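Dropping upload-v8.txt in here (compact mmCIF, C-alpha atoms):
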```
# COMPACT_ATOMS: atom_id res chain seq x y z
CA MET A 47 -13.46 14.14 -27.68
CA GLU A 48 -13.56 17.60 -29.42
CA ASN A 49 -11.29 19.31 -26.93
CA ILE A 50 -8.85 16.43 -26.50
CA LYS A 51 -6.01 18.46 -28.07
CA GLU A 52 -6.56 21.25 -25.55
CA GLN A 53 -6.53 18.72 -22.72
CA LEU A 54 -3.33 17.12 -23.98
CA ALA A 55 -1.69 20.55 -24.42
CA GLU A 56 -2.49 21.33 -20.79
CA LEU A 57 -1.07 18.02 -19.55
CA LEU A 58 2.02 18.50 -21.71
CA GLU A 59 2.40 22.11 -20.47
CA VAL A 60 2.34 23.80 -23.89
CA GLU A 61 0.05 26.31 -25.63
CA SER A 62 -1.10 23.90 -28.31
CA VAL A 63 -0.24 20.53 -29.85
CA ASN A 64 -0.09 19.21 -33.43
CA GLU A 65 -0.86 15.71 -34.66
CA ASN A 66 2.75 15.19 -35.72
CA ASP A 67 4.32 16.21 -32.40
CA LYS A 68 6.29 13.38 -30.83
CA LEU A 69 5.31 12.67 -27.21
CA ALA A 70 8.88 11.96 -26.13
CA ASP A 71 10.04 15.34 -27.51
CA PHE A 72 7.94 17.45 -25.14
CA GLU A 73 10.06 19.28 -22.60
CA CYS A 74 8.02 17.96 -19.67
CA TRP A 75 7.81 14.35 -20.90
CA ASP A 76 8.58 11.82 -18.17
CA SER A 77 6.89 8.95 -16.32
CA LEU A 78 4.78 11.39 -14.30
CA THR A 79 3.41 13.11 -17.40
CA ALA A 80 2.69 9.68 -18.87
CA LEU A 81 0.79 8.74 -15.70
CA THR A 82 -1.25 11.95 -15.74
CA ILE A 83 -2.25 11.17 -19.34
CA ILE A 84 -3.17 7.60 -18.34
CA ALA A 85 -5.23 8.90 -15.40
CA SER A 86 -7.04 11.63 -17.34
CA THR A 87 -7.83 9.28 -20.24
CA ASP A 88 -9.32 6.82 -17.76
CA GLU A 89 -11.29 9.61 -16.09
CA ASN A 90 -12.51 11.43 -19.19
CA TYR A 91 -13.00 8.60 -21.68
CA GLY A 92 -13.04 5.41 -19.60
CA VAL A 93 -10.07 4.17 -21.64
CA THR A 94 -7.18 2.32 -20.00
CA LEU A 95 -3.69 2.94 -21.45
CA SER A 96 -0.31 1.43 -20.56
CA ASN A 97 3.14 3.02 -20.82
CA LYS A 98 3.90 0.62 -23.64
CA GLU A 99 0.87 1.75 -25.63
CA LEU A 100 1.81 5.39 -25.11
CA GLU A 101 5.29 4.64 -26.36
CA GLU A 102 3.96 2.81 -29.42
CA ALA A 103 1.45 5.59 -30.18
CA GLY A 104 4.48 7.87 -30.57
CA THR A 105 2.78 11.11 -31.59
CA ILE A 106 -0.20 13.24 -30.54
CA GLY A 107 -2.11 11.96 -33.57
CA GLY A 108 -1.19 8.37 -32.74
CA LEU A 109 -2.38 8.85 -29.17
CA ILE A 110 -5.69 10.38 -30.22
CA ASN A 111 -6.28 7.51 -32.66
CA LEU A 112 -5.44 4.98 -29.97
CA ILE A 113 -7.94 6.53 -27.55
CA LYS A 114 -10.63 6.64 -30.26
CA THR A 115 -10.01 3.01 -31.23
CA LYS A 116 -10.00 1.79 -27.64
CA LYS A 117 -13.09 3.81 -26.80
CA GLY A 118 -14.85 2.04 -29.66
CA TYR A 119 -13.66 -1.35 -28.44
CA GLU A 120 -14.45 -0.86 -24.82
CA LYS A 121 -17.96 0.46 -25.38
CA MET B 38 -14.64 -14.22 -2.91
CA ASN B 39 -17.08 -13.08 -0.23
CA LEU B 40 -16.05 -13.64 3.37
CA LYS B 41 -17.98 -13.36 6.59
CA PHE B 42 -16.84 -13.59 10.20
CA HIS B 43 -18.77 -13.51 13.44
CA ASN B 44 -18.10 -12.14 16.91
CA LYS B 45 -14.53 -10.92 16.54
CA GLU B 46 -13.10 -7.54 17.48
CA ILE B 47 -9.95 -5.46 17.55
CA GLU B 48 -8.80 -4.64 21.08
CA GLY B 49 -5.96 -2.30 20.27
CA ILE B 50 -3.57 -1.11 17.57
CA LEU B 51 0.04 0.00 18.02
CA THR B 52 2.18 1.28 15.17
CA ILE B 53 5.97 1.54 15.36
CA ILE B 54 7.65 4.00 13.00
CA PRO B 55 11.40 4.53 12.52
CA ALA B 56 12.52 7.85 14.04
CA ARG B 57 14.66 8.64 10.98
CA GLU B 58 12.82 11.02 8.65
CA VAL B 59 14.16 11.85 5.21
CA LYS B 60 12.82 14.80 3.21
CA PHE B 61 12.12 14.43 -0.51
CA GLU B 62 14.49 17.29 -1.34
CA GLU B 63 17.40 15.61 0.45
CA GLU B 64 17.36 12.75 -2.04
CA MET B 65 16.58 14.63 -5.24
CA GLU B 66 20.22 14.79 -6.29
CA HIS B 67 20.31 10.99 -6.65
CA TYR B 68 17.65 11.08 -9.33
CA ASN B 69 18.39 11.35 -13.01
CA PHE B 70 15.86 14.18 -13.44
CA SER B 71 16.00 17.96 -13.17
CA PRO B 72 15.00 19.34 -9.74
CA ALA B 73 12.04 21.06 -11.42
CA LYS B 74 10.73 17.75 -12.76
CA SER B 75 11.24 16.02 -9.44
CA LEU B 76 9.44 18.80 -7.56
CA LYS B 77 6.53 18.44 -9.97
CA LEU B 78 6.40 14.74 -9.09
CA LYS B 79 6.48 15.63 -5.40
CA MET B 80 3.47 17.95 -5.84
CA ALA B 81 1.42 15.51 -7.89
CA MET B 82 2.03 12.44 -5.77
CA GLY B 83 1.97 14.16 -2.40
CA TYR B 84 5.51 13.31 -1.35
CA ASN B 85 7.18 15.20 1.48
CA LYS B 86 9.12 13.05 3.90
CA HIS B 87 9.38 9.35 4.61
CA CYS B 88 10.43 7.35 7.65
CA ILE B 89 13.04 4.69 7.01
CA VAL B 90 15.10 2.43 9.24
CA GLU B 91 18.79 2.82 9.94
CA ASP B 92 21.04 0.30 8.20
CA GLY B 93 20.60 -3.21 9.53
CA VAL B 94 17.29 -2.73 11.35
CA CYS B 95 14.93 -5.69 10.86
CA VAL B 96 11.19 -6.16 11.27
CA SER B 97 11.73 -8.18 14.46
CA ASP B 98 13.58 -5.19 15.99
CA LEU B 99 10.61 -2.90 15.37
CA LEU B 100 8.09 -5.48 16.57
CA ILE B 101 9.96 -6.46 19.74
CA HIS B 102 10.24 -2.76 20.60
CA GLY B 103 6.48 -2.39 20.14
CA LEU B 104 5.55 -5.54 22.02
CA ASN B 105 7.78 -4.63 24.96
CA HIS B 106 6.08 -1.22 25.03
CA LEU B 107 2.72 -2.99 25.39
CA PHE B 108 4.02 -5.38 28.07
CA ASP B 109 5.61 -2.51 30.03
CA LYS B 110 2.38 -0.49 29.99
CA ASN B 111 0.32 -3.53 30.98
CA LEU B 112 -1.69 -3.22 27.78
CA LEU B 113 -0.89 -6.81 26.86
CA ILE B 114 -0.06 -9.86 28.95
CA LYS B 115 2.39 -12.40 27.53
CA ASP B 116 0.46 -15.50 28.58
CA GLU B 117 -2.69 -14.27 26.86
CA ILE B 118 -1.14 -14.50 23.39
CA ASP B 119 -2.45 -17.66 21.72
CA ALA B 120 -1.19 -16.91 18.22
CA MET B 121 1.02 -14.47 16.33
CA VAL B 122 0.48 -13.94 12.62
CA LEU B 123 3.34 -11.96 11.11
CA VAL B 124 2.68 -10.53 7.67
CA THR B 125 5.89 -9.34 6.03
CA GLN B 126 7.85 -9.40 2.79
CA SER B 127 11.12 -8.57 4.50
CA PRO B 128 11.64 -11.36 7.07
CA ASP B 129 14.82 -11.58 9.16
CA TYR B 130 15.68 -14.95 7.57
CA PHE B 131 14.40 -17.34 4.91
CA MET B 132 14.13 -19.79 7.81
CA PRO B 133 12.97 -20.00 10.52
CA ALA B 134 9.83 -17.84 10.47
CA THR B 135 10.44 -14.43 12.03
CA SER B 136 7.37 -14.89 14.25
CA ASN B 137 9.15 -17.87 15.86
CA VAL B 138 12.25 -15.73 16.38
CA ILE B 139 10.14 -13.06 18.10
CA GLN B 140 8.40 -15.68 20.28
CA GLY B 141 11.78 -16.96 21.46
CA LYS B 142 13.29 -13.54 22.10
CA LEU B 143 10.30 -12.40 24.14
CA GLY B 144 10.03 -15.65 26.09
CA LEU B 145 6.40 -16.27 25.14
CA LYS B 146 4.64 -19.50 26.09
CA GLN B 147 5.06 -22.63 23.92
CA ASP B 148 1.32 -23.25 23.87
CA MET B 149 0.73 -20.98 20.90
CA ILE B 150 0.81 -20.71 17.10
CA CYS B 151 3.38 -18.64 15.19
CA MET B 152 3.17 -18.14 11.46
CA ASP B 153 4.60 -15.84 8.81
CA ILE B 154 2.60 -14.82 5.75
CA ASN B 155 4.20 -13.31 2.66
CA GLN B 156 1.86 -10.48 1.65
CA GLY B 157 2.40 -6.77 1.14
CA CYS B 158 -0.03 -3.99 0.30
CA ALA B 159 -3.06 -6.15 1.22
CA GLY B 160 -1.14 -7.78 4.06
CA TYR B 161 -2.94 -6.07 6.93
CA ILE B 162 -6.29 -7.36 5.67
CA ILE B 163 -4.87 -10.86 5.09
CA GLY B 164 -3.46 -10.84 8.63
CA LEU B 165 -6.83 -9.89 10.12
CA ILE B 166 -8.57 -12.57 8.06
CA GLN B 167 -6.10 -15.18 9.33
CA ALA B 168 -6.62 -13.99 12.91
CA PHE B 169 -10.40 -14.31 12.56
CA LEU B 170 -9.96 -17.89 11.28
CA LEU B 171 -7.65 -18.84 14.16
CA LEU B 172 -10.12 -17.41 16.66
CA GLU B 173 -12.64 -20.05 15.58
CA GLN B 174 -10.57 -22.47 17.69
CA GLU B 175 -11.86 -23.01 21.22
CA GLU B 176 -8.48 -22.49 22.83
CA VAL B 177 -7.48 -19.47 20.78
CA ASN B 178 -8.80 -16.34 22.47
CA LYS B 179 -6.30 -13.67 21.53
CA VAL B 180 -4.30 -13.32 18.32
CA LEU B 181 -1.66 -10.72 17.47
CA VAL B 182 -1.58 -9.56 13.88
CA LEU B 183 1.97 -8.35 13.36
CA ASN B 184 2.41 -6.44 10.13
CA ALA B 185 5.86 -5.08 9.35
CA ASP B 186 8.18 -4.26 6.47
CA VAL B 187 11.57 -2.61 6.02
CA LEU B 188 11.51 -2.52 2.24
CA SER B 189 13.50 0.73 2.04
CA ARG B 190 16.48 -1.59 2.35
CA LYS B 191 15.54 -3.11 -1.02
CA VAL B 192 14.87 0.12 -2.93
CA SER B 193 17.50 1.81 -5.08
CA LYS B 194 18.27 5.38 -3.97
CA ARG B 195 18.47 6.27 -7.66
CA ASP B 196 14.95 5.01 -8.43
CA ARG B 197 12.61 8.00 -8.51
CA ASN B 198 9.79 5.57 -9.19
CA SER B 199 9.97 3.92 -5.75
CA ASN B 200 12.46 5.63 -3.46
CA PRO B 201 10.51 8.82 -2.61
CA LEU B 202 7.45 6.88 -1.53
CA ILE B 203 8.87 3.89 0.32
CA GLY B 204 8.43 3.83 4.08
CA ASP B 205 9.24 1.33 6.82
CA GLY B 206 7.07 0.45 9.77
CA ALA B 207 5.48 -2.17 11.95
CA SER B 208 2.20 -2.63 13.74
CA VAL B 209 0.72 -4.85 16.41
CA THR B 210 -3.03 -5.39 16.30
CA VAL B 211 -4.66 -7.37 19.10
CA VAL B 212 -7.65 -9.35 17.84
CA LYS B 213 -9.96 -11.32 20.12
CA LYS B 214 -13.33 -13.00 20.43
CA SER B 215 -16.06 -10.45 20.99
CA LYS B 216 -18.58 -10.77 23.80
CA GLU B 217 -21.14 -8.92 21.74
CA GLN B 218 -22.60 -10.42 18.57
CA ASN B 219 -21.31 -8.87 15.38
CA VAL B 220 -20.71 -9.61 11.72
CA ILE B 221 -17.60 -8.65 9.77
CA TYR B 222 -17.91 -8.67 5.98
CA GLY B 223 -14.95 -9.26 3.72
CA PHE B 224 -13.99 -9.61 0.10
CA ILE B 225 -10.78 -10.89 -1.46
CA LYS B 226 -9.38 -11.64 -4.91
CA MET B 227 -5.97 -12.51 -6.28
CA ASP B 228 -4.38 -12.47 -9.73
CA GLY B 229 -0.99 -14.14 -10.03
CA VAL B 230 -0.83 -13.22 -13.72
CA GLY B 231 0.26 -9.82 -12.45
CA ALA B 232 2.95 -11.30 -10.21
CA GLU B 233 5.67 -9.23 -11.88
CA SER B 234 3.92 -5.88 -11.46
CA ILE B 235 5.58 -5.37 -8.07
CA MET B 236 8.54 -7.60 -7.27
CA ILE B 237 12.09 -8.05 -6.06
CA PRO B 238 13.45 -10.15 -8.93
CA ALA B 239 16.63 -11.51 -7.31
CA GLY B 240 17.52 -12.85 -3.89
CA GLY B 241 15.25 -15.87 -3.69
CA PHE B 242 15.92 -19.39 -4.90
CA ARG B 243 14.92 -18.65 -8.53
CA THR B 244 17.60 -15.99 -8.97
CA PRO B 245 19.97 -15.94 -6.01
CA SER B 246 21.78 -12.67 -5.30
CA THR B 247 25.24 -12.47 -6.85
CA ALA B 248 27.64 -9.68 -7.73
CA ALA B 249 25.83 -9.46 -11.09
CA THR B 250 22.36 -9.00 -9.57
CA ALA B 251 23.68 -6.04 -7.58
CA VAL B 252 24.62 -4.06 -10.71
CA GLU B 253 22.27 -1.13 -11.34
CA ASP B 254 20.98 -0.48 -14.85
CA GLU B 255 19.01 2.45 -16.23
CA ASP B 256 15.42 1.70 -17.22
CA ARG B 257 13.52 3.40 -20.08
CA ALA B 258 12.22 6.13 -17.78
CA GLY B 259 15.70 7.06 -16.48
CA ASN B 260 15.70 5.26 -13.13
CA PHE B 261 18.62 3.15 -11.94
CA ARG B 262 18.04 -0.12 -10.13
CA SER B 263 19.41 -3.67 -9.94
CA PRO B 264 17.62 -7.04 -9.90
CA ASP B 265 18.24 -7.07 -6.13
CA ASN B 266 16.00 -3.99 -5.84
CA LEU B 267 12.26 -3.66 -5.61
CA VAL B 268 10.69 -2.77 -8.97
CA MET B 269 7.19 -1.46 -9.59
CA LYS B 270 5.38 -1.11 -12.90
CA GLY B 271 3.61 2.12 -12.06
CA ASP B 272 1.19 2.11 -14.99
CA ASP B 273 0.14 -1.54 -14.42
CA VAL B 274 -0.44 -0.93 -10.73
CA PHE B 275 -2.36 2.30 -11.30
CA ASN B 276 -4.64 0.69 -13.88
CA PHE B 277 -5.16 -2.41 -11.74
CA VAL B 278 -6.17 -0.37 -8.70
CA GLN B 279 -8.56 1.89 -10.60
CA ARG B 280 -10.12 -1.13 -12.32
CA GLU B 281 -10.54 -3.52 -9.39
CA VAL B 282 -10.85 -1.53 -6.16
CA PRO B 283 -14.01 0.57 -6.80
CA PRO B 284 -16.13 -2.47 -7.84
CA MET B 285 -14.74 -4.44 -4.88
CA ILE B 286 -15.90 -1.75 -2.43
CA GLU B 287 -19.31 -1.40 -4.12
CA HIS B 288 -19.73 -5.17 -3.92
CA LEU B 289 -18.62 -5.42 -0.28
CA LEU B 290 -21.07 -2.72 0.80
CA GLU B 291 -23.89 -4.29 -1.18
CA LYS B 292 -23.27 -7.68 0.48
CA ALA B 293 -23.36 -5.98 3.86
CA SER B 294 -26.46 -3.95 2.92
CA CYS B 295 -24.53 -0.84 3.89
CA LYS B 296 -24.81 2.52 2.13
CA LYS B 297 -21.64 4.41 1.23
CA GLU B 298 -22.62 7.29 3.50
CA ASP B 299 -23.11 4.93 6.46
CA VAL B 300 -19.40 4.13 6.46
CA ASP B 301 -17.64 6.58 8.77
CA TYR B 302 -14.16 6.13 7.29
CA TYR B 303 -12.53 4.39 4.37
CA MET B 304 -9.10 3.55 5.75
CA PHE B 305 -7.22 2.27 2.71
CA HIS B 306 -3.68 1.22 1.99
CA GLN B 307 -1.85 4.31 0.68
CA PRO B 308 0.48 3.88 -2.31
CA ASN B 309 0.53 7.65 -2.94
CA ARG B 310 -1.90 10.56 -2.62
CA PHE B 311 -2.66 10.69 -6.35
CA MET B 312 -3.93 7.10 -6.43
CA LEU B 313 -6.12 7.62 -3.33
CA GLN B 314 -7.67 10.80 -4.73
CA LYS B 315 -8.52 9.03 -7.99
CA LEU B 316 -10.07 6.14 -6.01
CA ALA B 317 -12.14 8.51 -3.87
CA ASP B 318 -13.32 10.34 -7.02
CA LYS B 319 -14.33 7.10 -8.71
CA LEU B 320 -16.20 5.88 -5.63
CA GLY B 321 -17.80 9.27 -4.99
CA ILE B 322 -16.36 9.46 -1.48
CA SER B 323 -15.04 12.68 0.08
CA TYR B 324 -11.30 13.02 0.76
CA GLU B 325 -12.19 13.60 4.43
CA LYS B 326 -13.64 10.11 4.68
CA MET B 327 -10.73 8.56 2.81
CA PRO B 328 -7.55 10.10 4.25
CA ASN B 329 -4.57 10.26 1.87
CA ASN B 330 -1.86 11.90 4.01
CA ILE B 331 0.21 8.87 5.07
CA VAL B 332 2.73 8.85 2.23
CA ALA B 333 3.50 12.56 2.80
CA ASN B 334 4.16 12.02 6.50
CA PHE B 335 5.57 8.49 6.73
CA GLY B 336 5.96 6.96 3.27
CA ASN B 337 4.22 3.86 1.98
CA SER B 338 5.07 1.04 4.37
CA SER B 339 3.10 -1.56 2.44
CA GLY B 340 0.25 -3.08 4.51
CA VAL B 341 1.37 -1.12 7.58
CA SER B 342 0.05 2.04 5.91
CA ILE B 343 -3.44 0.99 7.10
CA PRO B 344 -2.75 0.83 10.88
CA THR B 345 -0.56 3.94 10.47
CA ASN B 346 -3.50 5.65 8.76
CA ILE B 347 -5.83 4.62 11.61
CA GLY B 348 -3.40 5.76 14.31
CA PHE B 349 -2.49 9.06 12.64
CA ASN B 350 -5.93 10.21 11.50
CA ILE B 351 -8.45 8.75 13.95
CA GLY B 352 -6.18 7.59 16.76
CA SER B 353 -7.79 9.32 19.73
CA LYS B 354 -11.29 9.15 18.28
CA LEU B 355 -11.28 5.36 18.34
CA LEU B 356 -10.43 5.31 22.06
CA THR B 357 -13.83 6.68 23.00
CA GLU B 358 -16.21 5.84 20.15
CA GLN B 359 -17.00 3.01 17.81
CA LEU B 360 -17.04 3.67 14.08
CA ASN B 361 -18.11 1.79 10.99
CA ILE B 362 -14.90 1.39 9.00
CA CYS B 363 -14.09 0.00 5.59
CA LEU B 364 -10.51 -1.27 5.27
CA ALA B 365 -8.90 -2.08 1.93
CA GLY B 366 -5.50 -3.18 0.71
CA PHE B 367 -4.37 -3.73 -2.89
CA GLY B 368 -1.10 -4.39 -4.63
CA VAL B 369 1.66 -6.97 -4.78
CA GLY B 370 0.50 -10.44 -5.77
CA LEU B 371 -1.62 -9.06 -7.25
CA THR B 372 -3.93 -9.16 -4.25
CA TRP B 373 -6.90 -6.99 -3.36
CA ALA B 374 -8.95 -7.39 -0.21
CA SER B 375 -11.33 -5.42 1.98
CA LEU B 376 -13.22 -5.62 5.26
CA LEU B 377 -16.22 -3.78 6.65
CA MET B 378 -16.25 -3.80 10.43
CA LYS B 379 -16.95 -1.78 13.54
CA ILE B 380 -13.77 -0.59 15.23
CA GLY B 381 -13.69 1.42 18.42
CA ASN B 382 -13.48 1.81 22.17
CA LEU B 383 -9.95 0.54 21.75
CA ARG B 384 -7.70 -0.07 24.71
CA PHE B 385 -4.85 1.60 22.84
CA ASN B 386 -4.38 3.14 19.42
CA GLU B 387 -1.13 5.02 19.04
CA ILE B 388 2.03 5.51 17.03
CA ILE B 389 5.41 5.22 18.73
CA LYS B 390 8.92 5.78 17.38
CA PHE B 391 11.73 3.27 17.16
```
Have the structure of the file written as structure tokens, please.
Amino acid sequence: MENIKEQLAELLEVESVNENDKLADFECWDSLTALTIIASTDENYGVTLSNKELEEAGTIGGLINLIKTKKGYEK
Amino acid sequence: MNLKFHNKEIEGILTIIPAREVKFEEEMEHYNFSPAKSLKLKMAMGYNKHCIVEDGVCVSDLLIHGLNHLFDKNLLIKDEIDAMVLVTQSPDYFMPATSNVIQGKLGLKQDMICMDINQGCAGYIIGLIQAFLLLEQEEVNKVLVLNADVLSRKVSKRDRNSNPLIGDGASVTVVKKSKEQNVIYGFIKMDGVGAESIMIPAGGFRTPSTAATAVEDEDRAGNFRSPDNLVMKGDDVFNFVQREVPPMIEHLLEKASCKKEDVDYYMFHQPNRFMLQKLADKLGISYEKMPNNIVANFGNSSGVSIPTNIGFNIGSKLLTEQLNICLAGFGVGLTWASLLMKIGNLRFNEIIKF
């Protein structure tokens, strides 16, 4: 999970991301970007996310917490 | 549920594709997204062009064209047809069954069974399963599995979620009793809790089509569609496929005592290239053994993507050799189903245009 911010920055097509950044504010944010995040989270962490959960997570920090929580649950 | 069938085989497969091809770029202006964003989607999903019917064309038109082709070439004899199983979600009418309409128009014998089945992405597998069951009857020797959909007619042109990938098509698969002993393994599951993941909300008896159901609204992602249109919850479908399909295939192969590498081809339903690549990665199967080029060349024609896949990628090969093939379909219902069977030395296996 250490390099999750780097991975998210790559998917969101920016140099770096901060915990407070809002997902919906990224220039490239759309349903495709959401799907690539869902797919890579499944692939890298074995965690399944829905669009609704991404929306509710809201920010980069919220998303990382969600993945951590779900990873704990699902293991 | 595990399934097993004995001594059945496919004699030939014909796929009928609309001649009208539409490029992704031609429709980009309808979408509520910048061209750059849409082109990114095209790259990721493997969109390029899709084949869709002209206004007013129905599944029976495509199928009658295909069946007449087979009759004209002497590849099929009318009196030999003991049953027709039509799998479609876009029938000509609510009633009667479109398979009955086709029987009448072609002047087929009365001594036969016609039935329509409402299934989509897994429809080709369901049709084959039904054919195998019918062939258990003494007097049923040859069954046609007709799989066809013209769902482009139900997709909003302003829906970037569904429009770029939708394709229309039809296929005729001749299934018969095999002289040689063989075993076909199958697996099927359904989950109606996910019934709304892929649906056309209006137009049936629950919500009849009215002027109001034809009004297009914008969804949260920026796509416009009406309740009369097909709607797909992309995230639900993606997660469902990645969760259920790999274990299904592992289980099917285990039941058949077949190793992954002993399967020559994994000919799966193709929702888009992205989903197929993720499936292949999860199963540890090479992209060569699990082709993913149907959506780019034809669009996703629901269950018909499987016979299209077979015709396009291993069409001529199957005329002269027999291969061990794993078929799988997954989607609307939700339904997921698979078969492991030998297919080959086919009498015909081609794609024609309508």
(message) So the first atom is CA of Trp75 (chain A) and the second is CA of Glu63 (chain B); what is the distance between them in Å, to one decimal place?
(response) 23.4 Å
(request) Excluding Gly104 (chain A) and residues on its chain fewer than 6 positions from it, collect all residues at most 10 Å away from it, counting all atoms listed in the file, and give them as a list in words. (result) Asn66, Asp67, Lys68, Leu69, Ala70 and Asp71 of chain A
(request) Starting from chain B, keep only residues with some atom at most 12 Å from an atom of chain A, counting all atoms listed in the file, and report them as JSON, numbers by chain. (result) {"B": [69, 70, 71, 73, 74, 75, 76, 77, 78, 79, 80, 81, 82, 196, 197, 198, 256, 257, 258, 259, 260, 270, 271, 272, 273, 274, 275, 276, 277, 278, 279, 280, 311, 312, 314, 315, 316, 318, 319]}
(request) Tell me, in Å to one decimal, how far CA of Ser97 (chain B) is from CA of Ala207 (chain B). (result) 9.0 Å
(request) Might you pull out every residue within 7 Å of Val93 (chain A), with only C-alpha atoms counted and same-chain residues fewer than 6 positions away left off, and present them as a ChimeraX atom specification? (result) /A:87,113,116-117
With C-alpha atoms kept, could you save the residues just selected as an mmCIF file, in the frame of the given file?
```cif
data_model
loop_
_atom_site.group_PDB
_atom_site.id
_atom_site.type_symbol
_atom_site.label_atom_id
_atom_site.label_comp_id
_atom_site.auth_asym_id
_atom_site.auth_seq_id
_atom_site.Cartn_x
_atom_site.Cartn_y
_atom_site.Cartn_z
ATOM 1 C CA THR A 87 -7.830 9.280 -20.240
ATOM 2 C CA ILE A 113 -7.940 6.530 -27.550
ATOM 3 C CA LYS A 116 -10.000 1.790 -27.640
ATOM 4 C CA LYS A 117 -13.090 3.810 -26.800
#
```
(request) Skip Gln140 (chain B) itself and residues of its chain fewer than 3 positions away, then list as a list of chain:residue names all residues within 10 Å of it, counting only C-alpha atoms. (result)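 The neighbour list is B:Ile101, B:Lys115, B:Ala120, B:Met121, B:Thr135, B:Ser136, B:Asn137, B:Leu143, B:Gly144, B:Leu145, B:Lys146, B:Gln147, B:Met149, B:Ile150, B:Cys151.
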(request) Could you tell me how far CA of Leu113 (chain B) lies from CA of Thr52 (chain B), in Å and to one decimal? (result)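 A separation of 14.5 Å between them.
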(message) Could you check the closest approach to Glu99 (chain A) for each of A:Asn64, A:Asn111, A:Leu58, A:Asn49 and tell me which residue wins, using only C-alpha atoms?
(response)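 For Glu99 (chain A), the nearest of the given residues is A:Asn111.
With all atoms listed in the file as the atoms that count, the minimum distance from Asp254 (chain B) to the choices B:Ser193, B:Asn350, B:Ser127, B:Thr372 is reached by B:Ser193.
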(message) Under the rule that all atoms listed in the file are counted, which of B:Val192, B:Leu172, B:Leu364, B:Ala317 is the nearest residue to Tyr222 (chain B)?
(response) B:Leu364
(request) For region 283-300 of chain B, please output as a list in words all residues within 9 Å (counting only C-alpha atoms; exclusion window: fewer than 5 positions along the same chain). (result) Asn39, Ile221, Tyr222, Gly223, Phe224, Ile225, Lys226, Val278, Leu316, Ala317, Lys319, Leu320, Gly321, Ile322, Lys326, Leu360, Asn361, Ile362, Cys363, Ala365, Trp373, Ala374, Ser375, Leu376 and Leu377 of chain B
(request) Find the residues around Leu383 (chain B) up to 10 Å (only C-alpha atoms counted), leave out those fewer than 6 positions away in its own chain, and share them as a list in words. (result)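 Listed by chain and then number, they are Glu46, Ile47, Glu48, Gly49, Ile50, Val211, Gly352, Ser353, Lys354, Leu355, Leu356, Thr357, Glu358 and Gln359 of chain B.
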(request) Show me as an MDAnalysis selection string the residues that reach within 12 Å of (-0.9, -14.6, -13.3), counting only C-alpha atoms and using the file's own coordinates. (result) chainID B and resid 227:234 369:372
(request) Kindly indicate which residue among A:Asn90, A:Glu61, A:Gly107, A:Glu101 lies nearest to Met47 (chain A), using only C-alpha atoms for the distances. (result)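 For Met47 (chain A), the nearest of the candidates is A:Asn90.
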(request) List every protein, DNA or RNA residue with an atom no more than 9 Å from (10.6, -14.2, 3.2) in the file's coordinates, counting only C-alpha atoms, and format the result as a PyMOL selection string. (result) chain B and resi 125-132+134-135+153-155+241
Mind completing region 332-342 of chain B with N, CA and C atoms? Output as a CSV table (one decimal), in the frame of the given file, please?
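Written output follows (selection.csv):
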```csv
chain,number,residue,atom,x,y,z
B,332,VAL,N,1.5,8.9,3.0
B,332,VAL,CA,2.7,8.8,2.2
B,332,VAL,C,3.5,10.1,2.5
B,333,ALA,N,2.8,11.3,2.6
B,333,ALA,CA,3.5,12.6,2.8
B,333,ALA,C,4.2,12.6,4.2
B,334,ASN,N,3.6,11.9,5.1
B,334,ASN,CA,4.2,12.0,6.5
B,334,ASN,C,5.0,10.9,6.9
B,335,PHE,N,4.8,9.7,6.3
B,335,PHE,CA,5.6,8.5,6.7
B,335,PHE,C,6.2,7.7,5.6
B,336,GLY,N,5.6,7.8,4.4
B,336,GLY,CA,6.0,7.0,3.3
B,336,GLY,C,5.0,5.8,3.2
B,337,ASN,N,5.1,5.0,2.2
B,337,ASN,CA,4.2,3.9,2.0
B,337,ASN,C,4.9,2.6,2.6
B,338,SER,N,4.4,2.2,3.7
B,338,SER,CA,5.1,1.0,4.4
B,338,SER,C,4.3,-0.2,4.1
B,339,SER,N,3.8,-0.4,2.8
B,339,SER,CA,3.1,-1.6,2.4
B,339,SER,C,1.8,-1.7,3.3
B,340,GLY,N,1.5,-2.9,3.7
B,340,GLY,CA,0.2,-3.1,4.5
B,340,GLY,C,0.2,-2.2,5.8
B,341,VAL,N,1.3,-1.9,6.3
B,341,VAL,CA,1.4,-1.1,7.6
B,341,VAL,C,0.8,0.3,7.4
B,342,SER,N,0.6,0.7,6.1
B,342,SER,CA,0.0,2.0,5.9
B,342,SER,C,-1.4,2.1,6.5
```
